Structures are given as C-alpha cells and as structure tokens.
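Peer 1: model15.cif is reproduced below (mmCIF, C-alpha atoms and all ligand atoms).
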```
data_protein
#
loop_
_atom_site.label_atom_id
_atom_site.label_comp_id
_atom_site.auth_asym_id
_atom_site.auth_seq_id
_atom_site.Cartn_x
_atom_site.Cartn_y
_atom_site.Cartn_z
CA MET A 143 -27.65 -23.61 -4.05
CA SER A 144 -29.99 -21.42 -2.00
CA GLU A 145 -30.03 -23.92 0.90
CA LYS A 146 -26.26 -24.19 0.77
CA ARG A 147 -25.93 -20.45 0.44
CA LEU A 148 -28.05 -19.89 3.51
CA LYS A 149 -26.05 -22.32 5.62
CA PHE A 150 -22.69 -20.96 4.44
CA ALA A 151 -23.76 -17.39 5.26
CA GLU A 152 -25.29 -18.38 8.61
CA LEU A 153 -22.09 -20.06 9.73
CA LEU A 154 -19.98 -17.10 8.73
CA ILE A 155 -22.25 -14.48 10.23
CA GLY A 156 -22.52 -16.40 13.52
CA TRP A 157 -18.74 -16.68 13.67
CA GLN A 158 -18.21 -13.03 12.76
CA ARG A 159 -20.49 -11.84 15.57
CA LYS A 160 -18.52 -13.78 18.16
CA HIS A 161 -14.98 -13.79 16.85
CA GLY A 162 -14.70 -11.23 14.04
CA ARG A 163 -13.26 -7.72 14.14
CA HIS A 164 -15.62 -4.99 15.30
CA ASP A 165 -13.36 -2.23 16.58
CA LEU A 166 -11.18 -1.29 13.65
CA PRO A 167 -10.91 2.51 13.38
CA TRP A 168 -12.80 2.62 10.03
CA GLN A 169 -15.66 0.55 11.45
CA LYS A 170 -16.84 3.29 13.78
CA ARG A 171 -18.81 5.26 11.17
CA ARG A 172 -20.53 4.41 7.92
CA ASP A 173 -18.62 7.09 6.11
CA PRO A 174 -17.69 6.23 2.51
CA TYR A 175 -14.65 8.52 2.64
CA LEU A 176 -13.16 6.73 5.68
CA ILE A 177 -14.06 3.31 4.32
CA TRP A 178 -12.59 4.10 0.92
CA VAL A 179 -9.26 5.25 2.46
CA SER A 180 -9.09 2.11 4.62
CA GLU A 181 -9.91 -0.21 1.71
CA ILE A 182 -7.19 1.33 -0.47
CA MET A 183 -4.65 1.01 2.35
CA LEU A 184 -5.66 -2.61 2.93
CA GLN A 185 -5.19 -3.57 -0.72
CA GLN A 186 -1.57 -4.56 -0.18
CA THR A 187 -1.06 -3.97 3.51
CA GLN A 188 -1.98 -6.00 6.59
CA VAL A 189 -4.45 -4.48 9.05
CA ALA A 190 -1.91 -4.20 11.90
CA THR A 191 0.48 -2.21 9.68
CA ALA A 192 -2.25 -0.10 8.11
CA VAL A 193 -3.91 1.12 11.35
CA PRO A 194 -1.25 3.65 12.51
CA PHE A 195 -0.89 4.99 8.94
CA TYR A 196 -4.67 5.26 8.65
CA LEU A 197 -5.02 7.18 11.93
CA ARG A 198 -2.26 9.63 10.98
CA PHE A 199 -3.69 10.05 7.47
CA ILE A 200 -7.21 10.70 8.70
CA ARG A 201 -6.01 13.19 11.29
CA ARG A 202 -4.40 15.23 8.52
CA PHE A 203 -7.08 14.60 5.86
CA PRO A 204 -10.33 14.12 7.80
CA ASN A 205 -12.60 14.42 4.76
CA ILE A 206 -12.69 14.48 0.97
CA ALA A 207 -12.33 18.29 0.85
CA ALA A 208 -9.11 18.19 2.89
CA LEU A 209 -7.64 15.44 0.71
CA ALA A 210 -8.64 17.03 -2.61
CA SER A 211 -7.25 20.42 -1.56
CA ALA A 212 -3.86 19.03 -0.52
CA SER A 213 -0.95 18.76 -2.94
CA LEU A 214 0.09 15.30 -4.10
CA ASP A 215 3.42 15.88 -2.34
CA GLU A 216 1.68 16.42 0.96
CA VAL A 217 -0.46 13.31 0.51
CA MET A 218 2.58 11.24 -0.48
CA LYS A 219 4.32 12.39 2.70
CA HIS A 220 1.55 10.79 4.75
CA TRP A 221 1.71 7.63 2.65
CA ALA A 222 5.50 7.22 2.80
CA GLY A 223 6.37 3.86 4.34
CA LEU A 224 3.21 2.07 3.17
CA GLY A 225 4.68 1.23 -0.26
CA TYR A 226 2.85 0.63 -3.55
CA TYR A 227 2.72 4.37 -4.18
CA ALA A 228 0.44 4.11 -7.22
CA ARG A 229 -2.30 3.62 -4.61
CA CYS A 230 -1.56 7.04 -3.21
CA ARG A 231 -1.54 8.77 -6.60
CA ASN A 232 -4.87 7.12 -7.43
CA LEU A 233 -6.27 8.14 -4.05
CA HIS A 234 -5.43 11.76 -4.76
CA SER A 235 -6.94 11.57 -8.29
CA THR A 236 -10.11 9.99 -6.96
CA ALA A 237 -10.40 12.62 -4.21
CA ASN A 238 -10.28 15.32 -6.89
CA ILE A 239 -12.87 13.60 -9.07
CA VAL A 240 -15.28 13.09 -6.16
CA PHE A 241 -14.78 16.56 -4.72
CA ARG A 242 -14.84 18.56 -7.95
CA ASP A 243 -17.00 16.52 -10.33
CA LEU A 244 -19.35 14.73 -7.93
CA ASP A 245 -19.99 17.50 -5.38
CA GLY A 246 -17.99 15.64 -2.77
CA LEU A 247 -20.35 12.64 -2.79
CA PHE A 248 -19.10 9.14 -3.42
CA PRO A 249 -21.14 7.06 -5.90
CA ARG A 250 -23.45 4.60 -4.15
CA THR A 251 -23.21 1.48 -6.29
CA ALA A 252 -20.31 -0.93 -6.69
CA GLU A 253 -20.47 -0.50 -10.49
CA GLN A 254 -20.07 3.28 -10.24
CA LEU A 255 -17.40 3.08 -7.55
CA ASN A 256 -15.51 0.65 -9.77
CA GLN A 257 -15.03 3.50 -12.32
CA LEU A 258 -12.86 5.54 -9.93
CA PRO A 259 -9.04 5.38 -10.22
CA GLY A 260 -7.55 2.62 -8.07
CA VAL A 261 -10.94 1.18 -7.08
CA GLY A 262 -11.10 -2.37 -8.40
CA ARG A 263 -14.15 -4.60 -8.42
CA SER A 264 -13.67 -6.05 -4.92
CA THR A 265 -12.72 -2.69 -3.36
CA ALA A 266 -15.77 -1.09 -4.98
CA ALA A 267 -17.99 -3.81 -3.55
CA ALA A 268 -16.47 -3.45 -0.07
CA ILE A 269 -17.06 0.33 -0.09
CA ALA A 270 -20.66 -0.11 -1.26
CA VAL A 271 -21.37 -2.84 1.31
CA PHE A 272 -19.78 -1.15 4.33
CA SER A 273 -20.88 2.41 3.50
CA TYR A 274 -24.37 1.90 2.10
CA GLY A 275 -25.32 -1.67 3.04
CA ALA A 276 -25.37 -2.62 -0.66
CA ARG A 277 -25.57 -6.25 -1.76
CA ALA A 278 -22.32 -6.90 -3.67
CA ALA A 279 -19.77 -9.70 -3.63
CA ILE A 280 -16.20 -9.09 -2.47
CA LEU A 281 -13.20 -11.14 -3.54
CA ASP A 282 -9.98 -9.86 -2.02
CA ALA A 283 -6.91 -12.03 -1.42
CA ASN A 284 -8.25 -13.36 1.91
CA VAL A 285 -11.62 -14.25 0.45
CA LYS A 286 -10.02 -15.96 -2.56
CA ARG A 287 -8.05 -18.17 -0.17
CA VAL A 288 -11.12 -19.15 1.88
CA LEU A 289 -13.19 -19.98 -1.20
CA ALA A 290 -10.39 -21.80 -3.02
CA ARG A 291 -9.88 -24.03 0.02
CA CYS A 292 -13.48 -24.53 1.01
CA PHE A 293 -14.53 -25.46 -2.55
CA ALA A 294 -11.21 -27.04 -3.58
CA ILE A 295 -10.66 -24.72 -6.52
CA GLU A 296 -7.33 -25.48 -8.12
CA GLY A 297 -5.13 -23.21 -10.23
CA ASN A 298 -3.81 -19.70 -9.80
CA VAL A 299 -6.58 -17.65 -8.15
CA ASN A 300 -5.46 -14.55 -10.03
CA SER A 301 -5.51 -16.09 -13.49
CA GLY A 302 -8.48 -15.22 -15.73
CA PRO A 303 -10.48 -18.48 -15.75
CA VAL A 304 -9.93 -19.33 -12.05
CA ALA A 305 -10.68 -15.76 -10.97
CA SER A 306 -13.90 -15.83 -13.04
CA ARG A 307 -14.90 -19.08 -11.33
CA LEU A 308 -14.25 -17.56 -7.92
CA TRP A 309 -16.25 -14.44 -8.78
CA ALA A 310 -19.17 -16.57 -9.91
CA LEU A 311 -18.98 -18.55 -6.67
CA ALA A 312 -18.72 -15.38 -4.56
CA GLU A 313 -21.87 -14.06 -6.29
CA ARG A 314 -23.78 -17.31 -5.77
CA LEU A 315 -22.87 -17.53 -2.08
CA LEU A 316 -23.85 -13.94 -1.34
CA PRO A 317 -26.82 -13.95 1.07
CA LEU A 318 -29.90 -11.84 0.48
CA ALA A 319 -29.55 -10.02 3.83
CA LYS A 320 -26.88 -9.18 6.43
CA VAL A 321 -24.34 -8.74 3.65
CA GLU A 322 -22.21 -6.44 5.79
CA GLU A 323 -21.65 -8.99 8.54
CA TYR A 324 -21.22 -11.76 5.99
CA SER A 325 -18.57 -9.84 4.01
CA GLN A 326 -16.72 -8.79 7.15
CA GLY A 327 -16.89 -12.43 8.28
CA LEU A 328 -15.31 -13.69 5.06
CA MET A 329 -12.51 -11.12 5.26
CA ASP A 330 -11.91 -11.77 8.96
CA LEU A 331 -11.92 -15.52 8.55
CA GLY A 332 -9.25 -15.28 5.85
CA ALA A 333 -7.15 -12.90 7.95
CA ILE A 334 -7.48 -14.62 11.33
CA VAL A 335 -8.29 -18.33 10.82
CA CYS A 336 -7.82 -19.42 7.22
CA THR A 337 -4.33 -17.95 7.08
CA ARG A 338 -1.89 -18.68 4.26
CA ALA A 339 0.35 -20.82 6.47
CA LYS A 340 -1.07 -23.20 9.09
CA PRO A 341 -4.79 -22.40 8.91
CA LYS A 342 -6.53 -22.93 12.25
CA CYS A 343 -9.13 -25.33 10.91
CA LYS A 344 -10.27 -26.46 14.35
CA MET A 345 -11.52 -22.93 15.01
CA CYS A 346 -13.18 -22.55 11.62
CA PRO A 347 -16.96 -22.39 11.25
CA LEU A 348 -16.63 -23.95 7.78
CA GLN A 349 -14.56 -26.94 8.86
CA ASN A 350 -17.30 -29.53 8.24
CA ARG A 351 -17.90 -28.38 4.70
CA CYS A 352 -14.34 -27.51 3.69
CA ARG A 353 -13.07 -29.77 0.92
CA ALA A 354 -9.42 -28.80 1.35
CA ARG A 355 -9.59 -29.83 4.99
CA ARG A 356 -11.34 -33.10 4.17
CA THR A 357 -8.82 -34.06 1.54
CA GLY A 358 -5.72 -32.77 3.36
CA MET A 359 -5.10 -30.12 0.69
CA THR A 360 -4.94 -26.97 2.85
CA ALA A 361 -1.20 -26.56 2.20
CA GLU A 362 -1.65 -26.93 -1.57
CA LEU A 363 -4.62 -24.58 -1.96
CA PRO A 364 -4.76 -21.97 -3.22
CA ALA A 365 -2.07 -22.84 -5.75
CA ARG A 366 0.85 -20.49 -5.51
CA LYS A 367 1.73 -18.38 -8.47
CA ALA A 368 5.16 -19.36 -9.79
CA LEU A 369 7.22 -16.35 -8.78
CA PRO A 370 10.16 -15.27 -10.92
CA ALA A 371 13.48 -15.81 -9.15
CA LYS A 372 14.30 -12.87 -6.89
CA ARG A 373 16.84 -10.53 -8.44
CA SER A 374 19.49 -8.45 -6.68
CA ARG A 375 20.38 -4.93 -7.63
CA GLU A 376 22.84 -2.42 -6.25
CA ILE A 377 22.15 1.29 -6.47
CA HIS A 378 24.40 4.20 -5.53
CA VAL A 379 22.72 7.17 -3.87
CA VAL A 380 24.52 10.40 -3.10
CA LEU A 381 24.28 12.48 0.06
CA VAL A 382 25.01 15.85 -1.55
CA ARG A 383 25.72 18.28 1.27
CA ASP A 384 26.58 21.95 1.47
CA LYS A 385 26.94 23.85 4.77
CA LYS A 386 23.54 23.03 6.16
CA ASN A 387 21.58 21.46 3.34
CA LEU A 388 21.04 18.17 1.67
CA LEU A 389 19.90 17.68 -1.92
CA LEU A 390 16.70 15.73 -2.60
CA VAL A 391 15.41 14.86 -6.07
CA LYS A 392 11.92 13.87 -7.07
CA ARG A 393 11.67 10.40 -8.56
CA PRO A 394 9.77 9.84 -11.82
CA ALA A 395 6.09 8.96 -11.37
CA ALA A 396 6.53 5.48 -12.84
CA GLY A 397 8.66 2.80 -11.20
CA ILE A 398 9.91 2.17 -7.71
CA TRP A 399 9.15 4.98 -5.20
CA GLY A 400 7.37 6.87 -7.99
CA GLY A 401 6.78 10.56 -7.16
CA LEU A 402 8.66 10.43 -3.82
CA TRP A 403 11.62 12.57 -2.82
CA SER A 404 14.89 10.68 -2.64
CA LEU A 405 18.65 11.06 -3.00
CA PRO A 406 20.19 11.47 -6.48
CA GLU A 407 21.29 8.16 -7.95
CA VAL A 408 24.40 7.55 -10.03
CA ALA A 409 25.24 4.50 -12.10
CA HIS A 410 28.82 4.14 -10.82
CA VAL A 411 30.81 5.46 -7.90
CA HIS A 412 33.36 7.11 -10.22
CA ASP A 413 30.57 9.01 -12.08
CA VAL A 414 29.57 11.08 -9.04
CA SER A 415 31.48 14.32 -9.71
CA ASP A 416 30.66 14.41 -13.46
CA GLU A 417 27.01 13.61 -12.87
CA LEU A 418 26.51 16.27 -10.20
CA ARG A 419 28.27 18.92 -12.29
CA ARG A 420 26.19 18.06 -15.33
CA ARG A 421 22.83 17.77 -13.57
CA PHE A 422 23.05 20.43 -10.85
CA GLY A 423 26.11 22.61 -11.67
CA LEU A 424 27.85 21.44 -8.49
CA THR A 425 31.56 21.02 -7.90
CA GLY A 426 32.85 19.16 -4.90
CA ASP A 427 34.46 16.09 -3.44
CA ALA A 428 33.02 12.61 -3.50
CA ASP A 429 34.99 11.48 -0.53
CA SER A 430 33.41 8.51 1.11
CA VAL A 431 31.41 5.44 0.31
CA LEU A 432 29.47 4.42 3.40
CA SER A 433 28.16 1.03 4.37
CA GLY A 434 24.85 0.40 2.72
CA ILE A 435 21.57 -1.23 3.61
CA THR A 436 19.54 -3.93 1.91
CA HIS A 437 15.87 -3.38 1.26
CA GLU A 438 13.72 -6.37 0.33
CA LEU A 439 10.97 -5.89 -2.26
CA THR A 440 8.72 -8.67 -3.56
CA HIS A 441 10.89 -9.50 -6.57
CA LEU A 442 14.06 -7.64 -5.74
CA SER A 443 16.79 -7.38 -3.11
CA LEU A 444 17.91 -3.79 -3.36
CA HIS A 445 21.33 -2.98 -1.92
CA ILE A 446 21.58 0.77 -1.38
CA VAL A 447 25.11 2.16 -1.19
CA PRO A 448 25.41 5.79 -0.04
CA ILE A 449 28.23 8.07 -1.17
CA VAL A 450 28.96 11.40 0.50
CA PHE A 451 29.57 14.38 -1.79
CA ARG A 452 30.61 17.67 -0.18
CA VAL A 453 29.77 20.71 -2.25
CA VAL A 454 32.74 23.04 -2.73
CA ARG A 455 31.21 25.34 -5.31
CA ALA A 456 27.73 25.70 -6.65
CA ASN A 457 27.32 27.22 -10.08
CA GLY A 458 25.28 30.22 -8.97
CA LYS A 459 22.83 29.82 -6.09
CA LEU A 460 21.67 26.40 -4.99
CA LYS A 461 18.48 26.35 -7.01
CA GLN A 462 15.17 24.76 -6.10
CA THR A 463 13.02 23.34 -8.87
CA GLN A 464 9.98 21.10 -9.06
CA GLN A 465 12.37 18.21 -9.51
CA HIS A 466 14.99 18.93 -6.85
CA THR A 467 15.18 20.78 -3.59
CA TRP A 468 17.60 21.55 -0.75
CA VAL A 469 16.51 20.62 2.74
CA THR A 470 17.97 20.81 6.22
CA ALA A 471 18.12 17.74 8.43
CA ASP A 472 15.32 19.26 10.51
CA SER A 473 12.97 19.83 7.57
CA LEU A 474 13.39 16.33 6.09
CA GLY A 475 10.24 15.23 7.86
CA ASN A 476 8.21 17.54 5.59
CA PHE A 477 9.03 15.43 2.54
CA ALA A 478 7.72 12.07 1.37
CA VAL A 479 10.90 10.00 1.40
CA PRO A 480 10.94 6.21 0.82
CA ALA A 481 11.28 4.32 4.12
CA PRO A 482 14.71 2.75 3.41
CA ILE A 483 16.18 6.11 2.31
CA SER A 484 14.72 7.75 5.39
CA LYS A 485 16.28 5.05 7.56
CA LEU A 486 19.61 5.45 5.82
CA LEU A 487 19.53 9.24 6.22
CA LYS A 488 18.79 9.02 9.92
CA THR A 489 22.01 7.17 10.59
CA GLN A 490 24.23 8.74 7.92
CA LEU A 491 23.43 12.39 8.60
CA GLN A 492 24.87 12.07 12.08
CA GLN A 493 28.01 10.38 10.82
CA SER A 494 28.63 12.68 7.89
CA PRO A 495 29.51 16.32 8.80
CA ALA A 496 28.30 19.12 6.52
CA GLY A 497 30.45 20.40 3.65
CA HIS A 498 31.24 23.96 2.62
CA THR A 499 30.14 26.05 -0.33
CA GLY A 500 32.58 28.39 -2.06
S1 LIG B 1 -11.45 -25.49 7.42
FE1 LIG B 1 -9.39 -24.73 7.39
S2 LIG B 1 -8.82 -24.57 5.23
FE2 LIG B 1 -11.04 -24.81 5.34
S3 LIG B 1 -11.83 -22.74 5.26
FE3 LIG B 1 -11.61 -23.28 7.42
S4 LIG B 1 -9.57 -22.62 8.03
FE4 LIG B 1 -9.67 -22.59 5.80
#
```
Produce structure tokens that represent the structure in this file.
Peer 2:
Amino acid sequence: MSEKRLKFAELLIGWQRKHGRHDLPWQKRRDPYLIWVSEIMLQQTQVATAVPFYLRFIRRFPNIAALASASLDEVMKHWAGLGYYARCRNLHSTANIVFRDLDGLFPRTAEQLNQLPGVGRSTAAAIAVFSYGARAAILDANVKRVLARCFAIEGNVNSGPVASRLWALAERLLPLAKVEEYSQGLMDLGAIVCTRAKPKCKMCPLQNRCRARRTGMTAELPARKALPAKRSREIHVVLVRDKKNLLLVKRPAAGIWGGLWSLPEVAHVHDVSDELRRRFGLTGDADSVLSGITHELTHLSLHIVPIVFRVVRANGKLKQTQQHTWVTADSLGNFAVPAPISKLLKTQLQQSPAGHTG
C-alpha cells in the first residue's frame, strides 16, 4: 500500500498546487478559531454560499473571546439564513468551553477536538490539519464521493460498515508528509472535479486509477441513500400588529428554526383570535389571509400562509418576555429570523398597514 499511497498523494498534491483553492478567506491564517468557524459553516453549506456569511460573522466575532461573550441570540442573528441551526448552538457552546475552560486555546489533536460540541471526526481532523499541520484523515461528503468512486466502494457511504471501510481507506491513503496540501486537494477535487453530477473525469489527476471511471460506474457511485418521499406541510403564521409594532416569538430550541425569532403560528385560520387572546392577552381582528410562499427543505415542502391580525386591545401593556417581543419594522434586522419568514415580512409589511391599540 505504501507505494500506492505515495502515488495517490503525489497526484493529488500536484493537482492541488496547480488547480486547487488557495485564496479562501479562512486560508489566509493558520488560526484554529477561523478554521473552526469555516469548517462548521462548510458542514452543510457550499463554499460559495458560506463565504459572505463567514466574512460577516468574522467581522462581528473576530476571535473566541468575542464569540463566547456574545449572547446566543446575537450569534443566531449572524447565522440566520445558513440553516441547520444546531450548528450555531453548538458553535456558541464550544466557544464558551474553549474560552472559559481551556483559557481560550483550542485543543491541538483531532481526538481532543472531536470532544467539542458539533465537532465530528472529520471536522476535528480538518481543524487539526489546517491549524497545526497534524497528520489526520478527513472524510467529509466530498472526500467520501472521491474515495467511493476511485475505489469502487458500493453501498451507502453513511451507513456504519461502508463508512468504516472508507475511514480505514482514508487512514491508509494518508501520506506521511504534506498532509495539509493533500487534504485540501481531496476536498477541492470533490468540490470542483469529482462533482455529484457529471464529474469532469478528463480533468482529474486520478483518472487512470479510478475504478468507477474504468467501469462506467461514475453515475452509480456513491450509492444514493433512499430518501423518504418529500412531504408537504402548510403552516399559518400571524403578523400581529399594533400601531407601530410587530410580535415575534422565540421558537423552541428543538426542531425547525430552533431558537430563532419568528411569527406566532396557529393550527387553523379560525383559531387566530382565540389563540392570541389565550397566549398574549390580545384582542383584535384577524382580517386578511395573504398569499403565502413555499420554502423547500430537504424532506419537506413548507407552504407558509400569513394572516394579518390587527390588535384592538392589549390586556395591559404589550409585554416583552424571553419568549416573545415587540419590534418595529426598522429593528427587525436586530433579530435572528428564519430566511423565508424574513422574506415574507419584507413584502408583507409594506402591504399591511399598522393596526391600532385601544
Ligand atoms: S476519474 Fe472521475 S469519477 Fe474518478 S475520481 Fe476522478 S472525477 Fe471522480
């Protein structure tokens, strides 16, 4: 294997130097904080989408102290739009652990990094390799695809036995030196050349040793996980408005848009008045159902139908709590709101005039 390993690594490193990515914003410094943030963002997000979020995030939270000192709400606000919000909650927890328990210093080995919330085995290896030049194997989705094709590994790459086989292979192929360039090469090859659809095999440094290419199996490998049929769901959200303000509620930590600020939801259109009286002591008119929008999630088509509710009387003052708050249209930007709700609010707030409080 050592001969093979050497050749495999040589080909990848040579390709990476010429054609790989060298100017990504997190590649400028060997700073574990910056690399950790980028790796967490890249877990479920493409590079092109992640870059503007990363730059904005790092401007606001330039180091571990800034991130650990910020409230989760503030951090969520800078994550809103990236999705998979558990990543953001874990990021905030890890920042607190590193800042308060580890004197602000990230652990140096992949094994130790792997203990932090939200830092899986491949992410831990990537942080150790790119921050400290450690020798550790990575196996993210791009790398799994390259290895499954090159070595014709069949079966679901995320299932236990196949994933174990891929990890063993990733370990065996790992060169003794230049691990940083090699790892970046594997990731870049998967992202740029060995893409899910229509891989550009003619540009690939591994084309002469790739079994999938030789056997015409590039479209079949890696095997796709059988996805459950996509479901559709309709939800009713309420634009509760008094003279100048709009009501936002905090969503539960678990589930879709966990921990973000959103509009109150009701099960049925005719429940609006009862629900708002019961939950917030508000009386008013639910007077219009507006045209909704559809938001596509991996397993779900979510049709969001907005209803306007004008507050006529509030039982006492309009209260703020940890779980709900009143905001003006101008201050909405200070809250972490899910992207589809934010989009919906932008159009609906102009169309829906404010109500009146008695
Ligand atoms: S030859 Fe094609 S399928 Fe094989 S690793 Fe390269 S790009 Fe992927």
Peer 1: Got a sec to check which residues lie within 6 Å of ligand LIG 1 (chain B), using all atoms listed in the file, and send them as a PyMOL selection string?
Peer 2: chain A and resi 288+291-292+335-336+341-343+346+348-349+352+354-355+360
Peer 1: Show which residues sit within 12 Å of A:His410, as a PDB file with C-alpha atoms, keeping the file's coordinate frame. Count all atoms listed in the file, and ignore same-chain residues fewer than 2 positions away.
Peer 2:
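In the end it all went to result_27.pdb:
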```
ATOM      1  CA  GLU A 376      22.840  -2.420  -6.250  1.00  0.00           C
ATOM      2  CA  ILE A 377      22.150   1.290  -6.470  1.00  0.00           C
ATOM      3  CA  HIS A 378      24.400   4.200  -5.530  1.00  0.00           C
ATOM      4  CA  VAL A 379      22.720   7.170  -3.870  1.00  0.00           C
ATOM      5  CA  VAL A 380      24.520  10.400  -3.100  1.00  0.00           C
ATOM      6  CA  GLU A 407      21.290   8.160  -7.950  1.00  0.00           C
ATOM      7  CA  VAL A 408      24.400   7.550 -10.030  1.00  0.00           C
ATOM      8  CA  HIS A 412      33.360   7.110 -10.220  1.00  0.00           C
ATOM      9  CA  ASP A 413      30.570   9.010 -12.080  1.00  0.00           C
ATOM     10  CA  VAL A 414      29.570  11.080  -9.040  1.00  0.00           C
ATOM     11  CA  SER A 415      31.480  14.320  -9.710  1.00  0.00           C
ATOM     12  CA  ASP A 416      30.660  14.410 -13.460  1.00  0.00           C
ATOM     13  CA  GLU A 417      27.010  13.610 -12.870  1.00  0.00           C
ATOM     14  CA  ALA A 428      33.020  12.610  -3.500  1.00  0.00           C
ATOM     15  CA  VAL A 431      31.410   5.440   0.310  1.00  0.00           C
ATOM     16  CA  VAL A 447      25.110   2.160  -1.190  1.00  0.00           C
ATOM     17  CA  PRO A 448      25.410   5.790  -0.040  1.00  0.00           C
ATOM     18  CA  ILE A 449      28.230   8.070  -1.170  1.00  0.00           C
TER      19      ILE A 449
END
```
Peer 1: Which residue gives the smallest distance to A:Leu474 among A:Ala310, A:Leu405, A:Val411, A:Val454, with all atoms listed in the file counted?
Peer 2: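 Nearest candidate to A:Leu474 out of A:Ala310, A:Leu405, A:Val411, A:Val454: A:Leu405.
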Peer 1: Give me the residues near A:Leu214 as a ChimeraX atom specification, where near means some atom within 12 Å (using all atoms listed in the file) and where sequence neighbours in that chain fewer than 5 positions away do not count.
Peer 2: /A:208-209,219-222,227-238,395,400-403,477-478
Peer 1: Smallest atom-to-atom distance to A:Ala294: which of A:Pro347, A:Pro364, A:Pro394, A:Gly327, using only C-alpha atoms?
Peer 2: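 When distances to A:Ala294 are compared using only C-alpha atoms, the smallest one comes from A:Pro364.
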Peer 1: Nearest residue to A:Glu152 out of A:Tyr274, A:Tyr324, A:Trp399, A:Trp468, using only C-alpha atoms?
Peer 2: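 Checking each candidate against A:Glu152, we get A:Tyr324 as the closest.
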Peer 1: Excluding same-chain residues fewer than 3 positions from A:Arg159, what lies within 10 Å of it counting all atoms listed in the file, as a ChimeraX atom specification?
Peer 2: /A:154-156,162-164,323-324,326-327
Peer 1: Which is closest to A:Ser443 among A:Ala371, A:Ala339, A:Leu316, A:Ile483, if we use only C-alpha atoms?
Peer 2: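 Answer, going by the shortest atom-to-atom distance: A:Ala371.
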Peer 1: Mind pulling up the distance from atom CA of A:Gly358 to atom CA of A:Leu153?
Peer 2: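 Straight-line distance from atom CA of A:Leu153 to atom CA of A:Gly358 works out to 21.7 Å.
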Peer 1: Just give me the gap between atom CA of A:Gln465 and atom CA of A:Lys386 in Å, one decimal is fine.
Peer 2: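 Distance reported for this atom pair: 19.8 Å.
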Peer 1: Which value, in Å to one decimal, gives the distance between atom CA of A:Leu311 and atom CA of A:Ile295?
Peer 2: 10.4 Å
Peer 1: Taking into account all atoms listed in the file, which residue in the set A:Arg393, A:Arg314, A:Lys367, A:Arg353 is nearest to A:Glu145?
Peer 2: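 Going through A:Arg393, A:Arg314, A:Lys367, A:Arg353 one by one, the smallest distance to A:Glu145 is for A:Arg314.
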Peer 1: Point out the residue among A:Thr425, A:Thr440, A:Asn284, A:Gln186 with the least atom-to-atom distance to A:Asp330, counting only C-alpha atoms.
Peer 2: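 Using only C-alpha atoms, the shortest distance to A:Asp330 belongs to A:Asn284.
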Peer 1: If I wrap all listed atoms of stretch 278-287 of chain A in a box with edges along x, y and z and add 8 Å on each side, what are its centre and edge lengths in Å to one decimal, as JSON?
Peer 2:
```
{"center_x": -14.6, "center_y": -12.5, "center_z": -0.9, "size_x": 31.4, "size_y": 27.3, "size_z": 21.6}
```
Peer 1: Tell me which protein, DNA and RNA residues are within 7 Å of A:Ser264, counting all atoms listed in the file, leaving out same-chain ones fewer than 5 positions away, and put them as a list in words.
Peer 2: Ile280, Leu281 and Asp282 of chain A
Peer 1: Excluding same-chain residues fewer than 5 positions from A:Thr187, what lies within 10 Å of it counting only C-alpha atoms, as a list in words?
Peer 2: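 Selected residues are Glu181, Ile182, Ala192, Val193, Leu224, Gly225 and Tyr226 of chain A.
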